[in-house]
file target09.cif (mmCIF, C-alpha atoms)
data_coords
#
loop_
_atom_site.label_atom_id
_atom_site.label_comp_id
_atom_site.auth_asym_id
_atom_site.auth_seq_id
_atom_site.Cartn_x
_atom_site.Cartn_y
_atom_site.Cartn_z
CA MET L 1 120.29 93.71 8.17
CA ALA L 2 116.94 92.28 7.10
CA GLY L 3 114.42 90.62 9.38
CA ARG L 4 112.03 87.81 8.44
CA GLU L 5 109.66 86.31 10.95
CA THR L 6 110.74 82.79 11.90
CA ASP L 7 109.61 82.31 15.50
CA VAL L 8 106.16 83.85 15.95
CA PRO L 9 104.10 82.04 18.62
CA ARG L 10 101.39 79.88 17.07
CA SER L 11 98.77 81.83 19.01
CA TRP L 12 99.46 84.80 16.76
CA SER L 13 98.28 82.77 13.76
CA LEU L 14 100.75 84.28 11.34
CA ARG L 15 99.92 82.98 7.90
CA SER L 16 102.58 80.71 6.44
CA ARG L 17 101.58 81.54 2.89
CA TRP L 18 102.31 85.23 2.57
CA ALA L 19 101.35 86.90 -0.67
CA ALA L 20 103.76 89.71 -1.53
CA ILE L 21 105.77 90.58 1.55
CA GLY L 22 108.89 92.73 1.64
CA ALA L 23 110.94 93.44 4.79
CA ALA L 24 114.05 95.55 5.03
CA VAL L 25 116.13 97.09 7.73
CA ALA L 26 118.91 99.65 7.49
CA VAL L 27 121.07 100.46 10.52
CA GLY L 28 123.20 103.57 10.86
CA LEU L 29 125.61 104.84 13.48
CA GLY L 30 126.25 108.56 13.41
CA GLY L 31 126.69 110.63 10.24
CA GLY L 32 128.85 109.67 7.31
CA VAL L 33 129.03 108.83 3.65
CA VAL L 34 128.65 105.73 1.50
CA HIS L 35 130.91 104.34 -1.23
CA PHE L 36 129.18 102.11 -3.79
CA VAL L 37 130.68 99.05 -5.41
CA GLY L 38 129.26 98.34 -8.84
CA ALA L 39 130.08 98.31 -12.52
CA ALA L 40 132.38 101.29 -12.02
CA PRO L 41 133.55 103.24 -8.97
CA GLY L 42 130.75 105.51 -7.74
CA PRO L 43 130.94 108.97 -6.18
CA THR L 44 130.86 109.61 -2.45
CA SER L 45 127.16 109.88 -1.65
CA SER L 46 124.74 110.60 1.18
CA PHE L 47 121.44 108.82 1.87
CA VAL L 48 117.91 110.27 1.67
CA SER L 49 115.17 108.11 3.21
CA ILE L 50 111.61 108.26 1.84
CA THR L 51 108.22 106.70 2.52
CA PRO L 52 108.38 103.44 0.51
CA VAL L 53 106.91 103.61 -3.00
CA ARG L 54 106.18 100.56 -5.16
CA ILE L 55 107.68 100.97 -8.62
CA LEU L 56 107.53 97.38 -9.90
CA ASP L 57 104.78 94.79 -9.64
CA THR L 58 104.74 92.30 -12.49
CA ARG L 59 101.65 90.43 -11.29
CA ASP L 60 98.54 90.54 -13.49
CA PRO L 61 96.58 92.73 -13.67
CA THR L 62 98.87 95.26 -11.94
CA ASN L 63 101.89 95.17 -14.29
CA VAL L 64 103.43 98.38 -12.99
CA GLY L 65 106.94 99.23 -14.19
CA LEU L 66 107.34 96.13 -16.36
CA SER L 67 105.02 93.43 -17.60
CA GLY L 68 105.64 90.06 -16.08
CA PRO L 69 106.49 87.56 -15.13
CA PHE L 70 110.29 87.47 -15.43
CA VAL L 71 111.51 84.49 -17.46
CA SER L 72 114.83 82.74 -16.71
CA ALA L 73 117.38 84.03 -17.61
CA ALA L 74 116.24 87.09 -19.55
CA SER L 75 117.28 90.41 -17.98
CA GLN L 76 115.04 93.47 -18.02
CA ASP L 77 115.96 97.11 -17.40
CA LEU L 78 113.90 99.38 -15.13
CA HIS L 79 114.31 103.16 -15.10
CA VAL L 80 114.02 104.46 -11.51
CA THR L 81 114.82 108.20 -11.70
CA GLY L 82 112.72 111.16 -12.83
CA THR L 83 109.02 110.64 -13.59
CA ILE L 84 108.21 106.91 -13.43
CA ALA L 85 105.17 104.67 -13.07
CA THR L 86 104.18 103.62 -9.53
CA THR L 87 101.18 101.88 -8.01
CA ASN L 88 99.99 105.39 -7.06
CA GLY L 89 100.35 106.82 -10.57
CA SER L 90 103.24 108.55 -12.33
CA GLN L 91 105.47 110.58 -10.01
CA ILE L 92 109.06 111.55 -9.28
CA VAL L 93 110.36 109.26 -6.53
CA VAL L 94 114.12 109.51 -7.14
CA PRO L 95 115.75 112.61 -8.68
CA ASP L 96 117.64 112.34 -11.96
CA ALA L 97 120.96 113.06 -10.23
CA ALA L 98 120.71 110.12 -7.79
CA THR L 99 123.78 107.88 -7.56
CA GLY L 100 122.04 104.83 -6.05
CA VAL L 101 118.80 103.44 -4.66
CA SER L 102 117.82 101.41 -1.60
CA LEU L 103 115.15 98.85 -2.44
CA ASN L 104 112.91 96.17 -1.02
CA VAL L 105 112.92 93.42 -3.67
CA THR L 106 110.49 90.50 -3.44
CA ALA L 107 110.29 87.40 -5.66
CA VAL L 108 106.76 85.99 -5.70
CA GLN L 109 106.04 82.29 -6.25
CA ALA L 110 108.74 81.33 -8.72
CA SER L 111 108.04 78.21 -10.76
CA ALA L 112 111.54 76.88 -10.00
CA ASN L 113 114.42 77.48 -7.60
CA GLY L 114 116.87 80.19 -8.66
CA PHE L 115 118.15 83.63 -7.83
CA VAL L 116 117.38 87.28 -8.55
CA ALA L 117 120.19 89.71 -9.34
CA VAL L 118 119.75 93.50 -9.31
CA ARG L 119 122.65 95.62 -10.59
CA PRO L 120 123.43 98.81 -12.53
CA ALA L 121 122.10 98.64 -16.08
CA ASP L 122 125.56 99.32 -17.50
CA ALA L 123 127.16 96.33 -15.74
CA PRO L 124 128.95 94.14 -18.29
CA GLY L 125 128.35 90.46 -18.94
CA VAL L 126 125.84 88.25 -17.15
CA PRO L 127 125.14 88.59 -13.40
CA LEU L 128 127.33 86.32 -11.28
CA THR L 129 126.04 87.34 -7.86
CA SER L 130 122.66 86.98 -6.15
CA ASN L 131 120.53 89.47 -4.20
CA LEU L 132 117.74 86.98 -3.49
CA ASN L 133 117.95 83.19 -3.39
CA VAL L 134 114.54 82.05 -4.62
CA LEU L 135 112.63 78.90 -3.68
CA ALA L 136 109.88 77.58 -5.94
CA GLY L 137 106.41 78.61 -4.79
CA GLU L 138 107.71 80.85 -1.98
CA ILE L 139 107.65 84.59 -1.25
CA VAL L 140 111.28 85.73 -0.82
CA PRO L 141 112.11 89.37 0.13
CA ASN L 142 115.41 91.11 0.73
CA ALA L 143 116.90 94.58 1.05
CA VAL L 144 119.02 95.63 -1.95
CA THR L 145 121.21 98.70 -2.48
CA VAL L 146 122.36 99.25 -6.05
CA GLN L 147 124.48 101.90 -7.75
CA LEU L 148 122.89 103.93 -10.56
CA PRO L 149 124.66 104.95 -13.76
CA THR L 150 124.63 108.76 -13.91
CA SER L 151 125.38 109.28 -17.61
CA GLY L 152 124.76 107.66 -20.98
CA VAL L 153 121.79 105.66 -22.20
CA ASP L 154 121.65 103.65 -18.94
CA ALA L 155 121.51 106.68 -16.61
CA GLY L 156 119.11 106.09 -13.73
CA THR L 157 118.43 102.50 -14.76
CA ILE L 158 118.82 99.13 -13.01
CA GLU L 159 118.97 95.65 -14.50
CA ILE L 160 116.90 92.82 -13.00
CA THR L 161 117.46 89.14 -13.76
CA PHE L 162 115.75 85.96 -12.58
CA ASP L 163 117.93 82.91 -13.25
CA ALA L 164 116.72 79.38 -12.52
CA TYR L 165 120.31 78.19 -12.19
CA GLY L 166 120.87 78.05 -15.93
CA THR L 167 117.51 76.55 -16.88
CA THR L 168 115.57 78.60 -19.42
CA GLY L 169 111.81 78.94 -19.12
CA PRO L 170 110.90 79.08 -15.37
CA THR L 171 109.23 82.31 -14.27
CA THR L 172 108.69 84.51 -11.24
CA ASP L 173 106.88 87.75 -10.47
CA ILE L 174 108.97 90.49 -8.86
CA LEU L 175 108.00 93.44 -6.66
CA ILE L 176 110.23 96.44 -5.92
CA ASP L 177 109.67 99.22 -3.39
CA ILE L 178 112.03 102.19 -3.23
CA VAL L 179 112.78 103.08 0.42
CA GLY L 180 115.50 105.68 -0.20
CA TYR L 181 118.14 106.97 -2.56
CA TYR L 182 121.66 108.38 -2.59
CA VAL L 183 122.84 111.72 -3.95
CA ALA L 184 126.41 112.83 -4.64
CA GLY L 185 128.15 114.73 -1.85
CA GLY L 186 129.10 114.23 1.78
CA ALA L 187 126.77 114.38 4.75
CA GLY L 188 129.01 116.41 7.05
CA PRO L 189 131.87 115.15 9.21
CA PRO L 190 132.26 111.35 9.27
CA GLY L 191 130.56 109.61 12.18
CA ALA L 192 131.58 106.49 14.06
CA ARG L 193 132.00 103.31 12.06
CA GLY L 194 129.03 100.99 11.63
CA LEU L 195 128.45 98.10 14.01
CA SER L 196 129.23 94.54 13.01
CA ALA L 197 127.68 91.38 14.38
CA TRP L 198 130.62 91.10 16.81
CA ASP L 199 130.30 94.55 18.32
CA VAL L 200 128.49 95.54 21.47
CA ILE L 201 126.58 98.82 21.24
CA PRO L 202 128.51 101.32 23.41
CA SER L 203 126.70 102.81 26.39
CA GLY L 204 124.89 106.01 25.40
CA GLN L 205 125.22 105.27 21.68
CA THR L 206 122.07 105.59 19.56
CA ILE L 207 121.49 103.46 16.48
CA THR L 208 118.69 104.09 14.01
CA GLY L 209 117.05 102.27 11.14
CA ASN L 210 113.87 101.64 9.22
CA ALA L 211 111.71 98.59 8.64
CA THR L 212 109.02 97.73 6.10
CA LEU L 213 106.60 94.87 5.65
CA ASP L 214 103.88 94.86 2.98
CA GLY L 215 101.34 92.04 2.77
CA HIS L 216 98.53 91.39 0.34
CA ALA L 217 95.92 89.27 2.12
CA SER L 218 92.61 87.86 0.92
CA ASP L 219 91.38 87.43 4.48
CA VAL L 220 91.73 89.03 7.92
CA SER L 221 95.12 88.05 9.35
CA ASP L 222 97.61 88.72 12.11
CA TRP L 223 101.03 89.88 10.98
CA ALA L 224 104.49 90.28 12.52
CA PHE L 225 108.10 90.69 11.52
CA SER L 226 111.38 90.81 13.43
CA VAL L 227 114.23 93.32 13.35
CA ALA L 228 117.63 92.30 14.73
CA LEU L 229 119.81 94.69 16.73
CA PRO L 230 123.60 94.38 16.56
CA GLY L 231 125.57 93.40 19.64
CA ARG L 232 127.31 90.17 20.62
CA ALA L 233 125.93 90.43 24.16
CA PRO L 234 122.10 90.34 24.31
CA VAL L 235 120.64 93.82 24.76
CA PRO L 236 118.36 93.87 27.85
CA LEU L 237 114.96 94.65 26.35
CA ALA L 238 111.47 94.01 27.67
CA ASP L 239 108.12 94.51 25.99
CA ASN L 240 107.60 97.78 27.87
CA THR L 241 110.88 99.16 26.49
CA VAL L 242 109.95 98.55 22.83
CA ASN L 243 107.15 100.98 22.10
CA PHE L 244 105.68 103.18 19.41
CA ALA L 245 105.78 106.94 19.78
CA SER L 246 102.59 108.53 21.10
CA ASP L 247 100.48 109.28 18.02
CA GLY L 248 97.32 107.32 18.75
CA ALA L 249 98.04 104.66 16.12
CA ALA L 250 99.44 101.97 18.45
CA ILE L 251 98.33 100.20 21.64
CA ASP L 252 101.69 100.85 23.33
CA ASP L 253 102.11 104.61 22.80
CA ASP L 254 105.10 105.94 24.75
CA THR L 255 105.39 109.65 25.56
CA THR L 256 109.15 109.30 26.24
CA CYS L 257 109.69 108.63 22.50
CA THR L 258 109.98 112.28 21.50
CA GLY L 259 111.69 112.04 18.11
CA THR L 260 110.08 111.96 14.69
CA ALA L 261 109.90 109.50 11.81
CA ALA L 262 112.46 111.61 9.94
CA ALA L 263 114.73 111.98 13.01
CA PRO L 264 114.08 109.02 15.35
CA THR L 265 115.43 109.20 18.91
CA ALA L 266 115.13 107.06 22.03
CA PRO L 267 115.92 107.48 25.73
CA PRO L 268 118.54 105.10 27.21
CA GLY L 269 117.44 101.48 27.28
CA LYS L 270 114.50 101.91 24.90
CA VAL L 271 113.59 101.11 21.33
CA CYS L 272 111.28 103.85 20.00
CA LEU L 273 109.26 103.12 16.87
CA TYR L 274 107.91 105.90 14.65
CA ARG L 275 105.17 105.23 12.14
CA THR L 276 105.90 106.46 8.61
CA ALA L 277 102.97 104.77 6.83
CA ILE L 278 100.21 102.34 7.72
CA SER L 279 97.24 100.85 5.88
CA SER L 280 93.76 101.92 6.98
CA ASN L 281 92.77 98.36 7.91
CA THR L 282 95.70 97.88 10.29
CA VAL L 283 94.89 97.70 14.02
CA ASN L 284 96.58 96.73 17.31
CA LEU L 285 99.99 98.04 16.23
CA GLU L 286 102.55 97.04 18.88
CA GLY L 287 106.29 96.64 19.46
CA LEU L 288 107.59 93.64 21.40
CA ALA L 289 111.01 92.52 22.66
CA LEU L 290 112.70 89.62 20.91
CA LEU L 291 115.87 87.98 22.24
CA HIS L 292 118.16 85.94 20.01
CA VAL L 293 120.87 83.50 21.08
CA ALA L 294 123.73 85.74 19.95
CA GLY L 295 122.10 89.15 20.02
CA SER L 296 118.76 90.83 20.39
CA GLY L 297 116.06 92.57 18.48
CA PHE L 298 112.43 93.52 18.45
CA ARG L 299 109.23 92.46 16.74
CA ILE L 300 106.52 94.63 15.20
CA TYR L 301 103.07 93.10 15.42
CA TRP L 302 99.68 94.16 14.08
CA ALA L 303 96.36 92.77 12.91
CA ALA L 304 94.16 93.46 9.87
CA ASN L 305 90.48 94.17 10.62
CA ALA L 306 89.46 93.83 6.97
CA ALA L 307 90.67 91.91 3.94
CA GLY L 308 93.07 93.60 1.55
CA ASP L 309 96.50 95.17 1.42
CA THR L 310 98.11 95.56 4.86
CA TYR L 311 101.40 97.29 5.41
CA VAL L 312 103.50 99.01 8.06
CA HIS L 313 106.51 101.26 7.50
CA VAL L 314 108.43 102.56 10.54
CA SER L 315 111.68 104.22 11.50
CA TRP L 316 113.24 103.37 14.84
CA ALA L 317 115.96 104.29 17.32
CA TYR L 318 117.67 102.46 20.18
CA THR L 319 119.96 104.04 22.77
CA ALA L 320 122.19 101.65 24.72
CA LEU L 321 122.28 101.73 28.50
#

call {"tool": "encode", "arguments": {"input": "target09.cif", "output": "structure tokens"}}
result
Amino acid sequence: MAGRETDVPRSWSLRSRWAAIGAAVAVGLGGGVVHFVGAAPGPTSSFVSITPVRILDTRDPTNVGLSGPFVSAASQDLHVTGTIATTNGSQIVVPDAATGVSLNVTAVQASANGFVAVRPADAPGVPLTSNLNVLAGEIVPNAVTVQLPTSGVDAGTIEITFDAYGTTGPTTDILIDIVGYYVAGGAGPPGARGLSAWDVIPSGQTITGNATLDGHASDVSDWAFSVALPGRAPVPLADNTVNFASDGAAIDDDTTCTGTAAAPTAPPGKVCLYRTAISSNTVNLEGLALLHVAGSGFRIYWAANAAGDTYVHVSWAYTAL
């Protein structure tokens, strides 16, 4: 699931023109393994979450990973394993043996409507499916999981394409953050199946996930983004049951949230949020309840006390009553 803010009260003054925002959510239920679908059948793999790292930013003067912008409909390959360029310098983010990557992909102010496709670099032909549907002049993020080739000249490489629906020439900048990767091998005995939109979270069951939003602001702003929880029946949440763990970084610290960012937990009836990364100019970090018509979720809210890059990365857990 991926959450984008659509119903923030006007009093929060959330800017409508976001400059480089990416939001992603991954929900898991118990242990288990993942099977990829891509250019060729992939191996059974297990997931390793990491603090998000930006490996592609085609905006001038950054131009990390690849020079931009992307031009319709020319594909470009990006190597993501081993030592690669990042906005924090060259480093190893994903090991050479990785079988897939979990990404936040953001298209920034395309000059025309179109789509962005991200797929294994050894995929044949032209891309026929979309990971992001892009609107001209907008900032469009989405979560993307893509298989990695593990041998040959394309090993550890993904292909990225911006296509303005068959029109050559339009452009867009693209940002990519790696939020995790997959390695070959099982993760222990299989857990319960994942929840669909039509399931109700069983009593006592804990679900976990992570959420990321990264904003580049030229002024002091208030920010928020929403994360949906599965469950056909609305989950009974209140603001005082959606709290950050007690680490002094939030205004709603909750001592009953005793897990960690790497292993989030929550007592029954609560959503516990665990900070994994936060910009130095971020203040008033808070979790709030958010009810939807056919489900429920929560909102993460914060403010920037100085101009510049603002971001929040969290892991979370919810245990059903």

call {"tool": "resolve_selection", "arguments": {"input": "target09.cif", "expression": "the PyMOL selection byres ((chain L and resi 256) around 8)", "output": "list in words"}}
result
Ala245, Asp254, Thr255, Cys257, Thr258, Ala266 and Pro267 of chain L

call {"tool": "residues_around", "arguments": {"input": "target09.cif", "residues": "stretch 104-121 of chain L", "least_positions_apart": "4", "cutoff": "7 Å", "atoms": "only C-alpha atoms", "output": "number ranges by chain"}}
result
L: 20-24, 38-39, 77, 127, 129-144, 146-149, 154, 157-165, 170-178

call {"tool": "closest_residue", "arguments": {"input": "target09.cif", "among": "L:Ala261, L:Leu321, L:Ala211, L:Ile278", "to": "L:Thr241", "atoms": "only C-alpha atoms"}}
result
L:Leu321

call {"tool": "atom_distance", "arguments": {"input": "target09.cif", "atom1": "atom CA of L:Val71", "atom2": "atom CA of L:Leu56"}}
result
15.5 Å

call {"tool": "resolve_selection", "arguments": {"input": "target09.cif", "expression": "the PyMOL selection byres ((chain L and resi 282) around 7)", "output": "list of chain:residue names"}}
result
L:Ile278, L:Ser279, L:Ser280, L:Asn281, L:Val283, L:Trp302, L:Ala303, L:Ala304, L:Asn305, L:Thr310

call {"tool": "atom_distance", "arguments": {"input": "target09.cif", "atom1": "atom CA of L:Val93", "atom2": "atom CA of L:Thr81"}}
result
6.9 Å

call {"tool": "atom_distance", "arguments": {"input": "target09.cif", "atom1": "atom CA of L:Gly166", "atom2": "atom CA of L:Ala123"}}
result
19.3 Å

call {"tool": "resolve_selection", "arguments": {"input": "target09.cif", "expression": "the PyMOL selection byres ((chain L and resi 182-184) around 9)", "output": "list of chain:residue names"}}
result
L:Val34, L:Pro43, L:Thr44, L:Ser45, L:Ser46, L:Phe47, L:Val48, L:Ser49, L:Val94, L:Pro95, L:Ala97, L:Ala98, L:Thr99, L:Gly100, L:Val101, L:Ser102, L:Gln147, L:Gly180, L:Tyr181, L:Gly185, L:Gly186

call {"tool": "closest_residue", "arguments": {"input": "target09.cif", "among": "L:Ala317, L:Leu285, L:Ala224, L:Ala277", "to": "L:Ala263", "atoms": "only C-alpha atoms"}}
result
L:Ala317

call {"tool": "residues_around", "arguments": {"input": "target09.cif", "residues": "L:Gly89", "least_positions_apart": "2", "cutoff": "12 Å", "atoms": "all atoms listed in the file", "output": "VMD selection string"}}
result
chain L and resid 53 to 56 62 64 to 65 83 to 87 91 to 93

call {"tool": "closest_residue", "arguments": {"input": "target09.cif", "among": "L:Gly125, L:Gly209, L:Gly297, L:Pro268", "to": "L:Ser226", "atoms": "all atoms listed in the file"}}
result
L:Gly297

call {"tool": "closest_residue", "arguments": {"input": "target09.cif", "among": "L:Val314, L:Val242, L:Leu213, L:Ile207", "to": "L:Thr260", "atoms": "only C-alpha atoms"}}
result
L:Val314

call {"tool": "closest_residue", "arguments": {"input": "target09.cif", "among": "L:Ala306, L:Val312, L:Val227, L:Val179", "to": "L:Asp214", "atoms": "only C-alpha atoms"}}
result
L:Val312

call {"tool": "closest_residue", "arguments": {"input": "target09.cif", "among": "L:Ala228, L:Ala320, L:Val126, L:Ile201", "to": "L:Lys270", "atoms": "only C-alpha atoms"}}
result
L:Ala320
